[in-house]
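Asker: Here you go, this is upload.csv (CSV, C-alpha atoms and all ligand atoms).
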```csv
chain,number,residue,atom,x,y,z
W,1,THR,CA,12.9,49.3,32.0
W,2,THR,CA,12.2,52.4,34.1
W,3,VAL,CA,10.8,55.6,32.6
W,4,ALA,CA,12.0,58.9,34.0
W,5,PRO,CA,9.4,60.6,36.1
W,6,VAL,CA,7.5,63.5,34.7
W,7,ARG,CA,8.0,66.6,36.9
W,8,LEU,CA,4.9,68.6,36.5
W,9,ALA,CA,4.5,72.1,38.0
W,10,VAL,CA,0.9,73.2,38.5
W,11,ILE,CA,-0.1,76.9,38.8
W,12,PRO,CA,-3.8,77.0,39.6
W,13,GLY,CA,-3.9,80.9,39.7
W,14,ASP,CA,-7.1,82.9,40.1
W,15,GLY,CA,-10.8,82.7,39.6
W,16,VAL,CA,-11.8,79.5,37.8
W,17,GLY,CA,-8.2,78.6,37.3
W,18,PRO,CA,-8.0,76.5,40.6
W,19,GLU,CA,-11.4,74.9,39.8
W,20,VAL,CA,-10.4,73.6,36.3
W,21,VAL,CA,-6.9,72.7,37.4
W,22,ALA,CA,-8.3,70.6,40.3
W,23,ALA,CA,-10.6,68.8,37.8
W,24,THR,CA,-7.6,68.1,35.5
W,25,VAL,CA,-4.9,66.8,37.8
W,26,PRO,CA,-6.7,63.6,38.7
W,27,VAL,CA,-7.3,62.9,35.0
W,28,LEU,CA,-3.6,63.4,34.3
W,29,GLN,CA,-2.8,61.1,37.2
W,30,ARG,CA,-5.1,58.4,35.8
W,31,ALA,CA,-3.6,58.8,32.3
W,32,ALA,CA,-0.1,58.5,33.8
W,33,GLU,CA,-1.0,55.4,35.9
W,34,GLY,CA,-2.7,53.7,32.9
W,35,THR,CA,0.5,54.2,30.8
W,36,GLY,CA,3.1,53.5,33.4
W,37,LEU,CA,4.2,57.1,33.9
W,38,ASP,CA,5.4,58.5,37.2
W,39,LEU,CA,3.8,61.9,37.4
W,40,GLN,CA,5.3,64.1,40.1
W,41,VAL,CA,3.1,67.1,40.8
W,42,THR,CA,4.4,70.3,42.5
W,43,GLU,CA,1.8,73.0,43.1
W,44,LEU,CA,2.9,76.7,43.0
W,45,ASP,CA,0.8,79.4,44.7
W,46,TRP,CA,1.5,82.0,42.0
W,47,GLY,CA,-1.2,84.5,41.1
W,48,GLY,CA,-3.4,87.3,42.5
W,49,GLU,CA,-3.4,86.2,46.1
W,50,ARG,CA,0.3,86.0,46.2
W,51,PHE,CA,0.4,89.5,44.6
W,52,LEU,CA,-1.8,90.9,47.4
W,53,ARG,CA,0.3,89.2,50.0
W,54,GLU,CA,3.8,89.7,48.7
W,55,GLY,CA,3.6,92.4,46.0
W,56,ALA,CA,4.4,90.0,43.2
W,57,ALA,CA,2.4,87.4,41.4
W,58,MET,CA,5.4,85.1,41.2
W,59,PRO,CA,8.9,85.0,42.8
W,60,ALA,CA,11.9,86.7,41.2
W,61,ASP,CA,13.4,83.3,40.3
W,62,ALA,CA,10.2,82.0,38.7
W,63,ALA,CA,11.8,81.1,35.4
W,64,ASP,CA,14.4,79.0,37.2
W,65,VAL,CA,11.7,77.3,39.3
W,66,VAL,CA,9.8,76.5,36.0
W,67,ARG,CA,13.1,75.2,34.4
W,68,ALA,CA,13.4,72.6,37.2
W,69,HIS,CA,10.2,70.9,35.8
W,70,ASP,CA,9.4,69.1,32.5
W,71,ALA,CA,6.1,71.1,31.9
W,72,VAL,CA,3.7,73.5,33.6
W,73,LEU,CA,-0.1,73.3,33.8
W,74,PHE,CA,-1.4,76.8,34.4
W,75,GLY,CA,-5.0,77.7,35.1
W,76,ALA,CA,-5.6,81.5,34.7
W,77,VAL,CA,-4.7,84.8,36.4
W,78,GLY,CA,-6.8,87.9,36.9
W,79,ARG,CA,-8.9,89.2,39.8
W,80,PRO,CA,-11.2,92.2,39.8
W,81,ASP,CA,-9.3,93.9,42.7
W,82,VAL,CA,-5.9,94.0,41.1
W,83,PRO,CA,-5.0,95.9,37.9
W,84,ASP,CA,-5.1,93.4,35.0
W,85,ASP,CA,-1.7,94.2,33.6
W,86,GLU,CA,0.0,93.6,37.0
W,87,LEU,CA,-1.1,90.0,37.0
W,88,VAL,CA,-1.2,89.2,33.3
W,89,TRP,CA,2.3,90.8,32.8
W,90,GLY,CA,3.4,89.7,36.2
W,91,LEU,CA,2.7,86.1,35.5
W,92,ILE,CA,1.8,84.6,32.2
W,93,ILE,CA,3.1,87.1,29.7
W,94,GLY,CA,6.2,87.5,31.9
W,95,LEU,CA,6.9,83.7,31.9
W,96,ARG,CA,6.3,83.5,28.1
W,97,GLN,CA,8.9,86.2,27.6
W,98,GLN,CA,11.4,85.1,30.2
W,99,LEU,CA,11.3,81.5,29.0
W,100,ASP,CA,11.2,82.7,25.4
W,101,LEU,CA,8.2,80.5,24.7
W,102,ALA,CA,8.1,81.2,21.0
W,103,VAL,CA,4.6,80.1,20.0
W,104,ASN,CA,1.2,79.6,21.5
W,105,VAL,CA,-0.4,76.6,19.8
W,106,ARG,CA,-4.2,76.8,20.0
W,107,PRO,CA,-6.1,73.8,18.5
W,108,VAL,CA,-9.9,74.2,17.8
W,109,HIS,CA,-11.7,70.9,17.5
W,110,ALA,CA,-15.5,70.7,17.3
W,111,PHE,CA,-16.4,67.7,19.4
W,112,PRO,CA,-19.6,65.9,18.3
W,113,GLY,CA,-22.5,66.6,20.6
W,114,VAL,CA,-21.3,70.0,21.8
W,115,PRO,CA,-23.7,72.8,20.8
W,116,THR,CA,-22.3,75.9,19.3
W,117,ARG,CA,-23.6,79.5,18.6
W,118,VAL,CA,-22.3,79.3,15.1
W,119,VAL,CA,-24.2,76.8,12.9
W,120,ASP,CA,-22.7,74.1,10.8
W,121,THR,CA,-19.4,73.5,12.7
W,122,ASP,CA,-19.3,69.7,12.4
W,123,GLY,CA,-15.9,68.5,11.5
W,124,VAL,CA,-14.1,71.8,12.3
W,125,ASP,CA,-10.6,71.0,13.3
W,126,LEU,CA,-7.9,73.7,13.0
W,127,VAL,CA,-4.9,75.0,14.9
W,128,ILE,CA,-3.9,78.6,15.4
W,129,VAL,CA,-0.1,79.1,15.8
W,130,ARG,CA,0.3,82.4,17.5
W,131,GLU,CA,3.6,84.2,17.8
W,132,ASN,CA,4.1,84.5,21.5
W,133,THR,CA,6.9,86.9,22.5
W,134,GLU,CA,6.7,90.2,20.5
W,135,GLY,CA,4.5,91.9,18.0
W,136,GLU,CA,2.0,94.2,19.7
W,137,TYR,CA,2.6,92.6,23.1
W,138,VAL,CA,6.3,93.3,23.4
W,139,GLY,CA,5.6,96.0,25.9
W,140,ALA,CA,7.5,98.8,24.0
W,141,GLY,CA,6.2,102.3,24.2
W,142,GLY,CA,5.3,104.9,26.8
W,143,LEU,CA,2.9,107.6,27.9
W,144,ALA,CA,3.7,111.1,26.8
W,145,HIS,CA,2.0,114.3,28.2
W,146,ALA,CA,0.5,112.1,31.0
W,147,GLY,CA,-2.2,113.8,33.0
W,148,THR,CA,-2.2,117.0,30.9
W,149,GLY,CA,-5.4,116.3,29.1
W,150,HIS,CA,-3.5,115.7,25.9
W,151,ASP,CA,-2.2,112.2,27.0
W,152,ILE,CA,-0.6,110.2,24.3
W,153,GLY,CA,-0.3,106.4,24.6
W,154,ILE,CA,2.4,104.9,22.4
W,155,GLU,CA,2.4,101.1,21.9
W,156,VAL,CA,5.1,100.0,19.5
W,157,ALA,CA,4.7,96.7,17.7
W,158,VAL,CA,8.0,94.8,17.2
W,159,HIS,CA,8.4,92.1,14.5
W,160,SER,CA,11.8,90.5,14.1
W,161,ARG,CA,12.9,88.1,11.4
W,162,ARG,CA,14.3,85.6,13.9
W,163,VAL,CA,11.0,85.4,15.8
W,164,ILE,CA,8.8,85.3,12.6
W,165,GLU,CA,11.1,82.5,11.2
W,166,ARG,CA,10.9,80.2,14.2
W,167,ALA,CA,7.1,80.6,14.5
W,168,ALA,CA,6.8,79.9,10.8
W,169,ARG,CA,9.0,76.8,10.9
W,170,HIS,CA,6.8,75.4,13.6
W,171,ALA,CA,3.6,76.2,11.7
W,172,PHE,CA,4.9,74.6,8.5
W,173,GLU,CA,6.0,71.4,10.3
W,174,LEU,CA,2.6,71.2,11.9
W,175,ALA,CA,0.8,71.8,8.6
W,176,GLY,CA,3.0,69.1,7.0
W,177,ARG,CA,1.9,66.6,9.6
W,178,ARG,CA,-1.7,67.6,9.1
W,179,SER,CA,-3.5,68.6,5.8
W,180,GLY,CA,-0.6,70.4,4.2
W,181,ARG,CA,-2.4,73.7,4.2
W,182,LEU,CA,-1.1,76.8,6.0
W,183,SER,CA,-2.8,80.2,6.1
W,184,LEU,CA,-0.7,83.2,7.1
W,185,VAL,CA,-2.7,86.0,8.7
W,186,THR,CA,-1.4,89.5,8.4
W,187,LYS,CA,-2.6,93.0,7.5
W,188,SER,CA,-0.1,94.2,5.0
W,189,ASN,CA,-2.5,96.5,3.1
W,190,ALA,CA,-2.8,98.9,6.0
W,191,MET,CA,0.4,98.3,8.0
W,192,ARG,CA,3.4,98.9,6.0
W,193,HIS,CA,6.4,97.6,7.9
W,194,GLY,CA,5.9,94.7,10.3
W,195,TYR,CA,3.4,92.6,8.4
W,196,PRO,CA,5.0,92.9,5.0
W,197,LEU,CA,8.1,91.6,6.7
W,198,TRP,CA,6.0,88.6,8.0
W,199,ASP,CA,4.8,88.0,4.4
W,200,ARG,CA,8.3,88.0,3.0
W,201,VAL,CA,9.9,85.9,5.7
W,202,VAL,CA,7.1,83.3,5.7
W,203,ARG,CA,7.3,83.0,1.9
W,204,GLU,CA,11.0,82.3,2.3
W,205,VAL,CA,10.4,79.6,4.9
W,206,ALA,CA,7.7,78.2,2.5
W,207,GLU,CA,10.5,77.4,0.0
W,208,GLN,CA,11.9,74.8,2.4
W,209,HIS,CA,8.4,73.2,2.8
W,210,PRO,CA,7.2,72.4,-0.7
W,211,ASP,CA,4.8,69.8,0.8
W,212,VAL,CA,2.8,72.7,2.4
W,213,GLU,CA,0.6,75.0,0.4
W,214,LEU,CA,0.8,78.6,1.8
W,215,GLU,CA,-1.9,81.3,1.4
W,216,VAL,CA,-1.7,84.8,2.8
W,217,VAL,CA,-5.0,86.2,4.2
W,218,LEU,CA,-5.8,89.6,5.6
W,219,VAL,CA,-6.9,89.4,9.2
W,220,ASP,CA,-10.3,91.0,8.6
W,221,ALA,CA,-11.1,88.6,5.8
W,222,MET,CA,-9.9,85.7,8.0
W,223,ALA,CA,-12.4,86.8,10.8
W,224,ALA,CA,-15.2,86.4,8.3
W,225,ARG,CA,-13.9,83.2,6.8
W,226,LEU,CA,-13.5,81.6,10.3
W,227,VAL,CA,-17.3,81.9,10.7
W,228,GLN,CA,-18.3,81.3,7.1
W,229,SER,CA,-16.1,78.4,6.0
W,230,PRO,CA,-14.0,77.2,8.8
W,231,ARG,CA,-13.5,73.7,7.2
W,232,SER,CA,-11.5,75.4,4.5
W,233,LEU,CA,-8.8,76.1,7.1
W,234,ASP,CA,-6.3,73.9,8.8
W,235,VAL,CA,-3.2,75.6,10.3
W,236,LEU,CA,-3.3,79.4,10.8
W,237,LEU,CA,-0.1,81.3,11.5
W,238,ALA,CA,-0.6,84.8,13.1
W,239,GLY,CA,1.3,87.4,15.1
W,240,ASN,CA,0.6,87.9,18.8
W,241,LEU,CA,-2.4,90.2,18.6
W,242,PHE,CA,-4.2,88.7,15.7
W,243,GLY,CA,-3.6,85.2,17.0
W,244,ASP,CA,-5.1,86.2,20.4
W,245,ILE,CA,-8.2,87.7,18.9
W,246,LEU,CA,-8.8,85.0,16.3
W,247,SER,CA,-8.4,82.2,18.7
W,248,ASP,CA,-11.3,83.5,20.9
W,249,LEU,CA,-13.4,83.8,17.8
W,250,ALA,CA,-12.4,80.3,16.6
W,251,ALA,CA,-13.1,78.8,20.1
W,252,VAL,CA,-16.8,79.7,19.5
W,253,LEU,CA,-16.8,77.2,16.6
W,254,ALA,CA,-16.0,74.5,19.2
W,255,GLY,CA,-18.5,75.6,21.9
W,256,GLY,CA,-16.7,78.6,23.4
W,257,MET,CA,-14.0,79.6,25.8
W,258,GLY,CA,-14.5,76.5,28.0
W,259,MET,CA,-13.4,74.3,25.1
W,260,ALA,CA,-10.2,75.9,24.0
W,261,PRO,CA,-6.8,74.6,25.1
W,262,SER,CA,-3.3,76.0,24.4
W,263,ALA,CA,0.4,75.2,24.6
W,264,ASN,CA,3.2,77.8,25.0
W,265,VAL,CA,6.3,76.2,23.7
W,266,LEU,CA,9.8,76.8,22.3
W,267,PRO,CA,10.0,74.2,19.6
W,268,GLY,CA,13.3,72.4,19.7
W,269,GLY,CA,14.4,74.3,22.8
W,270,ASP,CA,15.3,72.9,26.1
W,271,VAL,CA,12.6,74.8,28.0
W,272,PRO,CA,9.4,73.4,29.7
W,273,GLY,CA,6.2,74.3,27.9
W,274,ILE,CA,3.3,76.0,29.7
W,275,TYR,CA,-0.1,74.5,29.0
W,276,GLU,CA,-3.2,76.5,29.8
W,277,PRO,CA,-6.8,77.0,28.8
W,278,VAL,CA,-7.2,80.0,26.4
W,279,HIS,CA,-9.7,81.5,28.8
W,280,GLY,CA,-9.0,83.8,31.7
W,281,SER,CA,-10.1,83.7,35.3
W,282,ALA,CA,-13.8,84.1,34.4
W,283,PRO,CA,-14.7,86.2,37.6
W,284,ASP,CA,-18.3,86.2,36.5
W,285,ILE,CA,-18.7,82.5,37.2
W,286,ALA,CA,-15.8,81.8,39.6
W,287,GLY,CA,-16.5,80.2,42.9
W,288,ARG,CA,-19.7,78.5,41.8
W,289,GLY,CA,-18.1,75.2,40.6
W,290,VAL,CA,-19.6,75.5,37.1
W,291,ALA,CA,-16.6,76.3,35.0
W,292,ASN,CA,-16.1,74.0,32.0
W,293,PRO,CA,-12.9,72.0,32.7
W,294,VAL,CA,-12.5,70.8,29.1
W,295,ALA,CA,-10.1,73.5,28.0
W,296,CYS,CA,-7.9,72.7,30.9
W,297,LEU,CA,-8.2,68.9,30.3
W,298,LEU,CA,-7.3,69.3,26.7
W,299,SER,CA,-4.3,71.5,27.7
W,300,GLY,CA,-3.2,68.5,29.8
W,301,ALA,CA,-3.5,66.2,26.8
W,302,LEU,CA,-1.4,68.6,24.8
W,303,LEU,CA,1.2,68.6,27.6
W,304,LEU,CA,1.5,64.8,27.7
W,305,GLU,CA,1.6,64.7,23.9
W,306,ASP,CA,4.5,67.2,23.6
W,307,LEU,CA,6.4,65.1,26.2
W,308,GLY,CA,6.0,62.1,23.9
W,309,HIS,CA,3.2,60.4,25.9
W,310,THR,CA,0.9,60.0,23.0
W,311,VAL,CA,-1.1,57.1,24.4
W,312,ALA,CA,-1.9,59.0,27.6
W,313,ALA,CA,-2.8,62.1,25.6
W,314,THR,CA,-5.1,60.2,23.3
W,315,GLY,CA,-6.7,58.5,26.3
W,316,ILE,CA,-7.7,61.9,27.7
W,317,ARG,CA,-9.0,63.2,24.4
W,318,GLN,CA,-11.1,60.1,23.8
W,319,ALA,CA,-12.6,60.2,27.3
W,320,VAL,CA,-13.4,63.9,26.9
W,321,SER,CA,-15.0,63.2,23.6
W,322,ALA,CA,-17.1,60.3,25.0
W,323,ALA,CA,-18.2,62.4,28.0
W,324,LEU,CA,-19.3,65.3,25.8
W,325,LEU,CA,-21.6,63.1,23.7
W,326,ASP,CA,-23.9,62.9,26.7
W,327,PRO,CA,-25.6,66.4,27.3
W,328,THR,CA,-26.3,65.5,31.0
W,329,HIS,CA,-22.5,66.1,31.5
W,330,HIS,CA,-22.5,69.6,29.8
W,331,THR,CA,-21.7,72.6,32.0
W,332,PRO,CA,-23.9,75.8,31.8
W,333,ASP,CA,-21.7,77.4,29.1
W,334,LEU,CA,-22.7,74.5,26.8
W,335,GLY,CA,-26.3,74.8,27.8
W,336,GLY,CA,-26.3,72.1,30.4
W,337,SER,CA,-26.5,72.0,34.2
W,338,ALA,CA,-23.6,69.8,35.1
W,339,THR,CA,-20.9,71.1,37.5
W,340,THR,CA,-17.2,71.2,36.9
W,341,THR,CA,-16.8,68.0,39.0
W,342,ASP,CA,-19.7,66.2,37.3
W,343,LEU,CA,-18.0,66.7,33.9
W,344,ALA,CA,-14.6,65.8,35.2
W,345,ALA,CA,-16.0,62.7,36.9
W,346,ALA,CA,-17.7,61.7,33.6
W,347,VAL,CA,-14.3,62.0,31.9
W,348,LEU,CA,-12.5,59.9,34.5
W,349,ASP,CA,-15.2,57.2,34.2
W,350,ARG,CA,-14.5,57.0,30.5
W,351,MET,CA,-10.8,56.7,30.7
W,352,GLU,CA,-9.9,53.5,29.0
W,353,ILE,CA,-6.2,53.5,29.7
Q,1,LIG,P1,-12.4,85.1,30.4
Q,1,LIG,O1,-11.9,84.1,29.4
Q,1,LIG,O2,-12.0,84.9,31.8
Q,1,LIG,O3,-14.0,85.1,30.3
Q,1,LIG,C1,-14.7,85.4,29.2
Q,1,LIG,C2,-16.1,84.7,29.2
Q,1,LIG,O4,-15.9,83.3,29.0
Q,1,LIG,C3,-16.8,84.9,30.5
Q,1,LIG,O5,-18.2,85.1,30.3
Q,1,LIG,C4,-16.6,83.6,31.2
Q,1,LIG,O6,-17.6,83.2,32.1
Q,1,LIG,C5,-16.5,82.6,30.1
Q,1,LIG,N1,-15.6,81.5,30.4
Q,1,LIG,C6,-14.2,81.5,30.5
Q,1,LIG,N2,-13.8,80.3,30.9
Q,1,LIG,C7,-14.8,79.5,31.0
Q,1,LIG,C8,-15.0,78.2,31.4
Q,1,LIG,N3,-13.9,77.4,31.7
Q,1,LIG,N4,-16.2,77.6,31.5
Q,1,LIG,C9,-17.3,78.4,31.2
Q,1,LIG,N5,-17.2,79.7,30.8
Q,1,LIG,C10,-16.0,80.2,30.7
Q,1,LIG,O7,-12.0,86.6,29.9
Q,1,LIG,P2,-12.2,88.0,30.6
Q,1,LIG,O8,-13.5,88.0,31.3
Q,1,LIG,O9,-11.9,88.9,29.5
Q,1,LIG,O10,-11.1,88.1,31.7
Q,1,LIG,C11,-11.2,87.8,33.0
Q,1,LIG,C12,-9.9,87.9,33.7
Q,1,LIG,O11,-9.0,86.9,33.2
Q,1,LIG,C13,-9.2,89.2,33.5
Q,1,LIG,O12,-8.6,89.6,34.7
Q,1,LIG,C14,-8.2,88.9,32.4
Q,1,LIG,O13,-7.1,89.8,32.4
Q,1,LIG,C15,-7.8,87.5,32.7
Q,1,LIG,N6,-7.3,86.7,31.6
Q,1,LIG,C16,-6.2,85.9,31.9
Q,1,LIG,C17,-5.7,85.1,30.9
Q,1,LIG,C18,-4.7,84.1,31.3
Q,1,LIG,O14,-4.5,83.8,32.5
Q,1,LIG,N7,-4.0,83.5,30.4
Q,1,LIG,C19,-6.3,85.1,29.6
Q,1,LIG,C20,-7.4,85.9,29.4
Q,1,LIG,C21,-7.9,86.8,30.4
Q,2,MG,MG,-6.9,85.9,24.8
```
Could I get this file's structure written as structure tokens?
Answerer:
Amino acid sequence: TTVAPVRLAVIPGDGVGPEVVAATVPVLQRAAEGTGLDLQVTELDWGGERFLREGAAMPADAADVVRAHDAVLFGAVGRPDVPDDELVWGLIIGLRQQLDLAVNVRPVHAFPGVPTRVVDTDGVDLVIVRENTEGEYVGAGGLAHAGTGHDIGIEVAVHSRRVIERAARHAFELAGRRSGRLSLVTKSNAMRHGYPLWDRVVREVAEQHPDVELEVVLVDAMAARLVQSPRSLDVLLAGNLFGDILSDLAAVLAGGMGMAPSANVLPGGDVPGIYEPVHGSAPDIAGRGVANPVACLLSGALLLEDLGHTVAATGIRQAVSAALLDPTHHTPDLGGSATTTDLAAAVLDRMEI
């Protein structure tokens, strides 16, 4: 039998993006070879350099280019000499919205042997499901009285039933496959419209998932709980802003930004997912070859898993886990002195598929 090739688009982007992506592609290739997959990689030069050269971070038909692939591995965008919103909106937020990638799934897994700034994180294993297309990041609003000294910035959050429902369904299904516990994160005591709608809609979806136990937690309480008792949590469902903030906080439980992978997906939809580290372009360490590639490697594992290649995905995770047990392979963010390529080579060495 022949298996259809996997058409992978790779967008290295800016800063440490190209460094962690370059470390990841050979590991994906090895996982593919080991499991009989034909991985066809197309590299796209989208990002800050393209913006400076051509005035846009990606081409006008970017969504169509992406649709011609099965999945995308994305590094990061952002460079100090270009306004942040040009690149972040001009690339990753733009793609999430144009492709309608409903949720951003952000697993946080504390690997044994990885030091963390928060004590007692052994066994932490949770997933944040972040709504990915609207909320506070929908881009609605404007500037009034600009430049008068009385400037008013208006940023309107949008929460629609359809979008809440589809994110909720994904979170319930995920929780059902995991521990059966789901925590909805809102702020309905202070915000009177959008988040109460979230609470109502998610409680309705809960009725179709009697196997999952739902709790509703205010975001400020959740921030404390993530630090104080993270093992009491399994799947968190949050809107765009809260999911963004809490996932950086949660990443610290697993060793920091260098450890946090993510998947932008439209569950059940016929659209390629975009897989990316949660971190940005890290200009403070870019160009030195010391970025931790684990977030990107684990994003690659999520990508293969979502395409149904579970053995290849598990192979990568096990190799990452084995490499991290040895502190000589830890990058500086983990307190070590290994380079990006040292850690990636240690992962390749430990691939058992
Ligand atoms: P950042 O995630 O790039 O960096 C935050 C801190 O984490 C820095 O100290 C950095 O050195 C560290 N860090 C990040 N990735 C690391 C890795 N792989 N290994 C070791 N340490 C790592 O966030 P920051 O500084 O707020 O943003 C930098 C740029 O990235 C900005 O232009 C921002 O807009 C952009 N950005 C892009 C994102 C994306 O492409 N999806 C997401 C977040 C930020
Ligand atoms: Mg973020």
Asker: Can you tell me which residues sit at most 9 Å away from ligand LIG 1 (chain Q), counting only C-alpha atoms and all ligand atoms, written as a count of residues only?
Answerer: 52
Asker: Tell me, in Å to one decimal, how far CA of Ala9 (chain W) is from CA of Leu37 (chain W).
Answerer: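 Going from CA of Ala9 (chain W) over to CA of Leu37 (chain W) covers 15.6 Å.
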Asker: Give me the residues within 8 Å of Phe111 (chain W) as a compact mmCIF listing (two decimals) with C-alpha atoms, keeping the file's coordinate frame, counting only C-alpha atoms and dropping any in the same chain fewer than 2 places off.
Answerer:
```txt
# COMPACT_ATOMS: atom_id res chain seq x y z
CA HIS W 109 -11.70 70.90 17.50
CA GLY W 113 -22.50 66.60 20.60
CA VAL W 114 -21.30 70.00 21.80
CA ASP W 122 -19.30 69.70 12.40
CA GLY W 123 -15.90 68.50 11.50
CA ALA W 254 -16.00 74.50 19.20
CA SER W 321 -15.00 63.20 23.60
CA LEU W 324 -19.30 65.30 25.80
```
Asker: So which one's closest to Arg288 (chain W), W:Val72, W:Trp46, W:Ala338, W:Ala312? Using all atoms listed in the file, please.
Answerer: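 Once distances to Arg288 (chain W) are computed over all atoms listed in the file, the minimum belongs to W:Ala338.
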Asker: Restricting the calculation to only C-alpha atoms and all ligand atoms, which member of W:Arg30, W:Arg117, W:His193, W:Arg106 is positioned closest to ligand MG 2 (chain Q)?
Answerer: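 Distance minimum relative to ligand MG 2 (chain Q) lands on W:Arg106.
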